[in-house]
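Enquirer: Pasting in a structure now, in C-alpha cells, and then I'll have a few things to ask.
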Amino acid sequence: MYFAALLARTEDGWEASDTELDDVESLADLTDLAHRASTNDDTVIAFIEQEDAWFGVIRVDGEEDPRIYVSDAAAAARSSYGEMLLTDELLGRDPDDLDVLDDLVDLDGTEDGEPGAEEEEEEDAGDDPVAADAVPPGPLGDARILDDLGMPERQLLSLDTDALGSIADTLGCVDVLEAVR
C-alpha cells in the first residue's frame with residue numbers, strides 16, 4: 001500500500017494535499033502535479049511511501065529541476081512508483097548508451113527454466129557490474145534535500161519506519177500531513 005502527499009510551503013505555512021498517483025506515470029507528471037500545488041513557485045515537497053519498505057522525497061523549487069531522495073533504491077525499483085523516481089541521472093546511467101540496455105536484457109535465446117540458463121545468468125551478472133547491480137541497495141539521491149528546512153543529511157539517512165512522520169515533525173507540519181493521511 002502506498003501513501004503519497006504534497007506539501008506546499010506558503011507564506012502562511014505548509015499546506016498539504018493527498019496525492020492520487022493513479023494518473024502519475026513519470027517524474028515529469030509528478031513534477032507537474034507539484035507545480036499545480038504551488039501558488040507562487042513556492043517549495044513543494046512530494047512524499048511517497050510504500051509500507052515501510054521505502055520512501056521518496058521529491059522537492060520542487062519553482063522552475064528548477066526536481067531534487068530526489070529515495071531511502072532504498074533497490075526496494076523502490078521493484079515498485080512502479082519508485083521506478084519513476086529512479087531516473088538515469090540518479091542512477092548514473094547515460095540514457096543514450098545503448099550498451100546498457102544490452103547488459104540489462106539477456107538476448108541469448110534461452111528461456112527461464114532451460115538447463116544452464118540459470119548458470120549463464122549468474123556468470124553474466126558476475127562478469128558485468130552494470131547487470132549485477134543495476135540499482136544499488138540503500139539510499140540514493142540528494143540526501144541534503146531538506147537541509148535548509150531543518151533536516152540535515154545525517155538525520156534523513158537514519159530514518160526507516162514512519163519516516164514521513166519524522167520529516168513532517170522536523171518541518172513543523174505534522175498536523176497538516178496527518179490531516180491528509
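Following the order of the C-alpha cells, chains are lettered A, B, ..., residues in each are numbered from 1, and ligands are numbered from 1.
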Using only C-alpha atoms, determine which residues lie at most 9 Å from Thr10 of chain A, disregarding the query and same-chain residues fewer than 6 positions distant; provide the list as a list in words.

Expert: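 What passes the distance filter is Ser38, Thr39, Asn40, Asp42 and Thr43 of chain A.
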
Enquirer: Using only C-alpha atoms, which protein or nucleic acid residues come within 6 Å of Leu6 of chain A? Drop anything in the same chain fewer than 6 positions from it, and give the result as a PDB file with all heavy atoms, in the first residue's frame.

Expert:
```
ATOM      1  N   ALA A  16      -1.084  20.961   2.856  1.00  0.00           N
ATOM      2  CA  ALA A  16      -0.949  19.586   2.366  1.00  0.00           C
ATOM      3  C   ALA A  16      -2.141  19.194   1.510  1.00  0.00           C
ATOM      4  O   ALA A  16      -3.246  19.683   1.703  1.00  0.00           O
ATOM      5  CB  ALA A  16      -0.835  18.618   3.539  1.00  0.00           C
ATOM      6  N   SER A  17      -1.864  18.299   0.586  1.00  0.00           N
ATOM      7  CA  SER A  17      -2.944  17.703  -0.193  1.00  0.00           C
ATOM      8  C   SER A  17      -2.601  16.244  -0.423  1.00  0.00           C
ATOM      9  O   SER A  17      -1.454  15.892  -0.681  1.00  0.00           O
ATOM     10  CB  SER A  17      -3.147  18.439  -1.518  1.00  0.00           C
ATOM     11  OG  SER A  17      -1.972  18.416  -2.287  1.00  0.00           O
ATOM     12  N   ILE A  45       7.084  19.819  -1.549  1.00  0.00           N
ATOM     13  CA  ILE A  45       7.689  18.538  -1.212  1.00  0.00           C
ATOM     14  C   ILE A  45       6.645  17.456  -1.490  1.00  0.00           C
ATOM     15  O   ILE A  45       5.533  17.519  -0.982  1.00  0.00           O
ATOM     16  CB  ILE A  45       8.093  18.468   0.283  1.00  0.00           C
ATOM     17  CG1 ILE A  45       8.980  19.644   0.683  1.00  0.00           C
ATOM     18  CG2 ILE A  45       8.725  17.123   0.598  1.00  0.00           C
ATOM     19  CD1 ILE A  45      10.350  19.631   0.123  1.00  0.00           C
ATOM     20  N   ALA A  46       7.014  16.499  -2.311  1.00  0.00           N
ATOM     21  CA  ALA A  46       6.145  15.347  -2.556  1.00  0.00           C
ATOM     22  C   ALA A  46       6.720  14.163  -1.794  1.00  0.00           C
ATOM     23  O   ALA A  46       7.929  13.922  -1.830  1.00  0.00           O
ATOM     24  CB  ALA A  46       6.081  15.033  -4.046  1.00  0.00           C
TER      25      ALA A  46
END
```

Enquirer: Identify which of the residues A:Val57, A:Gly82, A:Ala77, A:Asp22 lies closest to Ala168 of chain A, counting only C-alpha atoms when measuring atom-to-atom distances.

Expert: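 Looking at the shortest contact to Ala168 of chain A, the residue is A:Val57.
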
Enquirer: When you look at segment 29-33 of chain A with a cut-off of 12 Å (counting only C-alpha atoms), what residues show up, excluding the ones that are within fewer than 2 positions of it in the same chain? I need them as a tab-separated table (two decimals) with N, CA, C and O atoms, in the first residue's frame.

Expert:
```tsv
chain	number	residue	atom	x	y	z
A	4	ALA	N	0.89	8.88	-0.50
A	4	ALA	CA	1.54	9.99	-1.18
A	4	ALA	C	0.85	11.29	-0.78
A	4	ALA	O	-0.36	11.33	-0.59
A	5	ALA	N	1.65	12.32	-0.62
A	5	ALA	CA	1.11	13.63	-0.27
A	5	ALA	C	2.02	14.71	-0.84
A	5	ALA	O	3.21	14.49	-1.07
A	6	LEU	N	1.43	15.87	-1.05
A	6	LEU	CA	2.18	17.05	-1.46
A	6	LEU	C	2.09	18.08	-0.35
A	6	LEU	O	1.01	18.33	0.18
A	7	LEU	N	3.22	18.66	0.00
A	7	LEU	CA	3.27	19.75	0.96
A	7	LEU	C	3.81	20.97	0.25
A	7	LEU	O	4.94	20.96	-0.24
A	8	ALA	N	3.00	22.02	0.19
A	8	ALA	CA	3.42	23.27	-0.45
A	8	ALA	C	3.70	24.29	0.64
A	8	ALA	O	2.88	24.52	1.53
A	17	SER	N	-1.86	18.30	0.59
A	17	SER	CA	-2.94	17.70	-0.19
A	17	SER	C	-2.60	16.24	-0.42
A	17	SER	O	-1.45	15.89	-0.68
A	18	ASP	N	-3.62	15.42	-0.28
A	18	ASP	CA	-3.47	14.00	-0.57
A	18	ASP	C	-3.23	13.87	-2.06
A	18	ASP	O	-3.84	14.57	-2.86
A	19	THR	N	-2.35	13.01	-2.44
A	19	THR	CA	-1.99	12.89	-3.84
A	19	THR	C	-2.37	11.52	-4.36
A	19	THR	O	-1.94	10.51	-3.84
A	20	GLU	N	-3.19	11.50	-5.36
A	20	GLU	CA	-3.58	10.25	-6.01
A	20	GLU	C	-2.59	10.00	-7.13
A	20	GLU	O	-2.41	10.81	-8.03
A	21	LEU	N	-1.93	8.87	-7.09
A	21	LEU	CA	-0.87	8.56	-8.04
A	21	LEU	C	-1.35	7.77	-9.25
A	21	LEU	O	-0.53	7.43	-10.11
A	22	ASP	N	-2.63	7.49	-9.35
A	22	ASP	CA	-3.13	6.67	-10.46
A	22	ASP	C	-2.81	7.27	-11.83
A	22	ASP	O	-2.54	6.54	-12.78
A	23	ASP	N	-2.84	8.59	-11.94
A	23	ASP	CA	-2.59	9.24	-13.23
A	23	ASP	C	-1.13	9.69	-13.39
A	23	ASP	O	-0.79	10.30	-14.40
A	24	VAL	N	-0.31	9.42	-12.40
A	24	VAL	CA	1.10	9.81	-12.45
A	24	VAL	C	1.90	8.63	-12.99
A	24	VAL	O	1.96	7.58	-12.38
A	25	GLU	N	2.50	8.83	-14.16
A	25	GLU	CA	3.25	7.76	-14.80
A	25	GLU	C	4.74	8.04	-14.90
A	25	GLU	O	5.51	7.16	-15.25
A	26	SER	N	5.13	9.29	-14.61
A	26	SER	CA	6.54	9.65	-14.76
A	26	SER	C	6.91	10.73	-13.75
A	26	SER	O	6.03	11.35	-13.13
A	27	LEU	N	8.19	10.97	-13.65
A	27	LEU	CA	8.66	12.05	-12.79
A	27	LEU	C	8.15	13.39	-13.29
A	27	LEU	O	7.79	14.26	-12.51
A	35	HIS	N	3.87	21.46	-9.30
A	35	HIS	CA	3.75	22.85	-9.78
A	35	HIS	C	2.33	23.35	-9.61
A	35	HIS	O	2.13	24.52	-9.25
A	36	ARG	N	1.35	22.50	-9.85
A	36	ARG	CA	-0.05	22.92	-9.69
A	36	ARG	C	-0.41	23.15	-8.22
A	36	ARG	O	-1.30	23.92	-7.92
A	37	ALA	N	0.30	22.49	-7.30
A	37	ALA	CA	0.04	22.67	-5.87
A	37	ALA	C	0.64	23.96	-5.33
A	37	ALA	O	0.26	24.44	-4.27
A	38	SER	N	1.55	24.55	-6.07
A	38	SER	CA	2.23	25.77	-5.65
A	38	SER	C	1.52	26.98	-6.24
A	38	SER	O	1.16	26.99	-7.41
A	41	ASP	N	5.31	29.68	-7.11
A	41	ASP	CA	6.60	28.99	-7.27
A	41	ASP	C	7.26	28.69	-5.93
A	41	ASP	O	8.47	28.74	-5.78
A	43	THR	N	8.21	26.33	-2.59
A	43	THR	CA	8.76	24.99	-2.44
A	43	THR	C	7.63	24.00	-2.25
A	43	THR	O	6.72	24.22	-1.45
A	44	VAL	N	7.69	22.91	-2.98
A	44	VAL	CA	6.72	21.82	-2.83
A	44	VAL	C	7.51	20.54	-2.57
A	44	VAL	O	8.47	20.24	-3.28
A	45	ILE	N	7.08	19.82	-1.55
A	45	ILE	CA	7.69	18.54	-1.21
A	45	ILE	C	6.65	17.46	-1.49
A	45	ILE	O	5.53	17.52	-0.98
A	46	ALA	N	7.01	16.50	-2.31
A	46	ALA	CA	6.14	15.35	-2.56
A	46	ALA	C	6.72	14.16	-1.79
A	46	ALA	O	7.93	13.92	-1.83
A	47	PHE	N	5.86	13.47	-1.06
A	47	PHE	CA	6.24	12.27	-0.32
A	47	PHE	C	5.57	11.07	-0.95
A	47	PHE	O	4.39	11.11	-1.27
A	48	ILE	N	6.33	10.01	-1.10
A	48	ILE	CA	5.76	8.73	-1.49
A	48	ILE	C	6.34	7.69	-0.54
A	48	ILE	O	7.55	7.68	-0.30
A	57	VAL	N	11.38	11.33	-1.34
A	57	VAL	CA	11.10	12.75	-1.16
A	57	VAL	C	11.50	13.43	-2.46
A	57	VAL	O	12.63	13.27	-2.93
A	58	ILE	N	10.58	14.17	-3.03
A	58	ILE	CA	10.82	14.89	-4.27
A	58	ILE	C	10.58	16.35	-3.95
A	58	ILE	O	9.52	16.72	-3.44
A	59	ARG	N	11.56	17.18	-4.23
A	59	ARG	CA	11.45	18.60	-3.91
A	59	ARG	C	11.46	19.40	-5.21
A	59	ARG	O	12.33	19.21	-6.05
A	60	VAL	N	10.47	20.27	-5.33
A	60	VAL	CA	10.36	21.15	-6.49
A	60	VAL	C	10.37	22.58	-5.99
A	60	VAL	O	9.51	22.98	-5.20
A	61	ASP	N	11.37	23.33	-6.42
A	61	ASP	CA	11.50	24.75	-6.08
A	61	ASP	C	11.34	25.57	-7.34
A	61	ASP	O	12.25	25.63	-8.17
A	62	GLY	N	10.17	26.17	-7.50
A	62	GLY	CA	9.92	26.99	-8.68
A	62	GLY	C	10.10	26.20	-9.96
A	62	GLY	O	9.61	25.09	-10.12
A	63	GLU	N	10.87	26.77	-10.87
A	63	GLU	CA	11.09	26.13	-12.17
A	63	GLU	C	12.36	25.27	-12.21
A	63	GLU	O	12.72	24.75	-13.27
A	64	GLU	N	13.03	25.11	-11.08
A	64	GLU	CA	14.23	24.28	-11.04
A	64	GLU	C	13.86	22.81	-11.26
A	64	GLU	O	12.73	22.40	-11.03
A	65	ASP	N	14.85	22.03	-11.68
A	65	ASP	CA	14.64	20.59	-11.82
A	65	ASP	C	14.34	19.99	-10.45
A	65	ASP	O	14.88	20.46	-9.43
A	66	PRO	N	13.52	18.97	-10.40
A	66	PRO	CA	13.22	18.35	-9.11
A	66	PRO	C	14.46	17.69	-8.51
A	66	PRO	O	15.31	17.18	-9.23
A	67	ARG	N	14.52	17.74	-7.20
A	67	ARG	CA	15.57	17.04	-6.45
A	67	ARG	C	14.91	15.82	-5.83
A	67	ARG	O	13.77	15.89	-5.36
A	68	ILE	N	15.64	14.70	-5.81
A	68	ILE	CA	15.05	13.43	-5.40
A	68	ILE	C	15.93	12.74	-4.36
A	68	ILE	O	17.15	12.73	-4.48
A	81	TYR	N	5.86	3.10	-8.71
A	81	TYR	CA	6.03	4.49	-8.28
A	81	TYR	C	7.48	4.79	-7.94
A	81	TYR	O	7.98	5.87	-8.25
A	82	GLY	N	8.15	3.86	-7.35
A	82	GLY	CA	9.56	4.05	-7.05
A	82	GLY	C	10.40	4.08	-8.31
A	82	GLY	O	11.34	4.86	-8.44
A	84	MET	N	9.69	5.24	-11.17
A	84	MET	CA	9.65	6.51	-11.89
A	84	MET	C	10.60	7.54	-11.27
A	84	MET	O	11.01	8.49	-11.93
A	85	LEU	N	10.98	7.35	-10.00
A	85	LEU	CA	11.91	8.27	-9.35
A	85	LEU	C	13.36	7.94	-9.69
A	85	LEU	O	14.24	8.79	-9.59
```

Enquirer: Pick out the closest residue to Leu149 of chain A from this set: A:Ile167, A:Glu51, A:Thr161, A:Pro137. Count only C-alpha atoms.

Expert: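 Closest to Leu149 of chain A, using only C-alpha atoms: A:Ile167.
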
Enquirer: Name all residues at most 12 Å from Pro152 of chain A (count only C-alpha atoms; drop same-chain ones fewer than 6 positions away) and give them as a PyMOL selection string.

Expert: chain A and resi 142-146+158-159+167+170-171
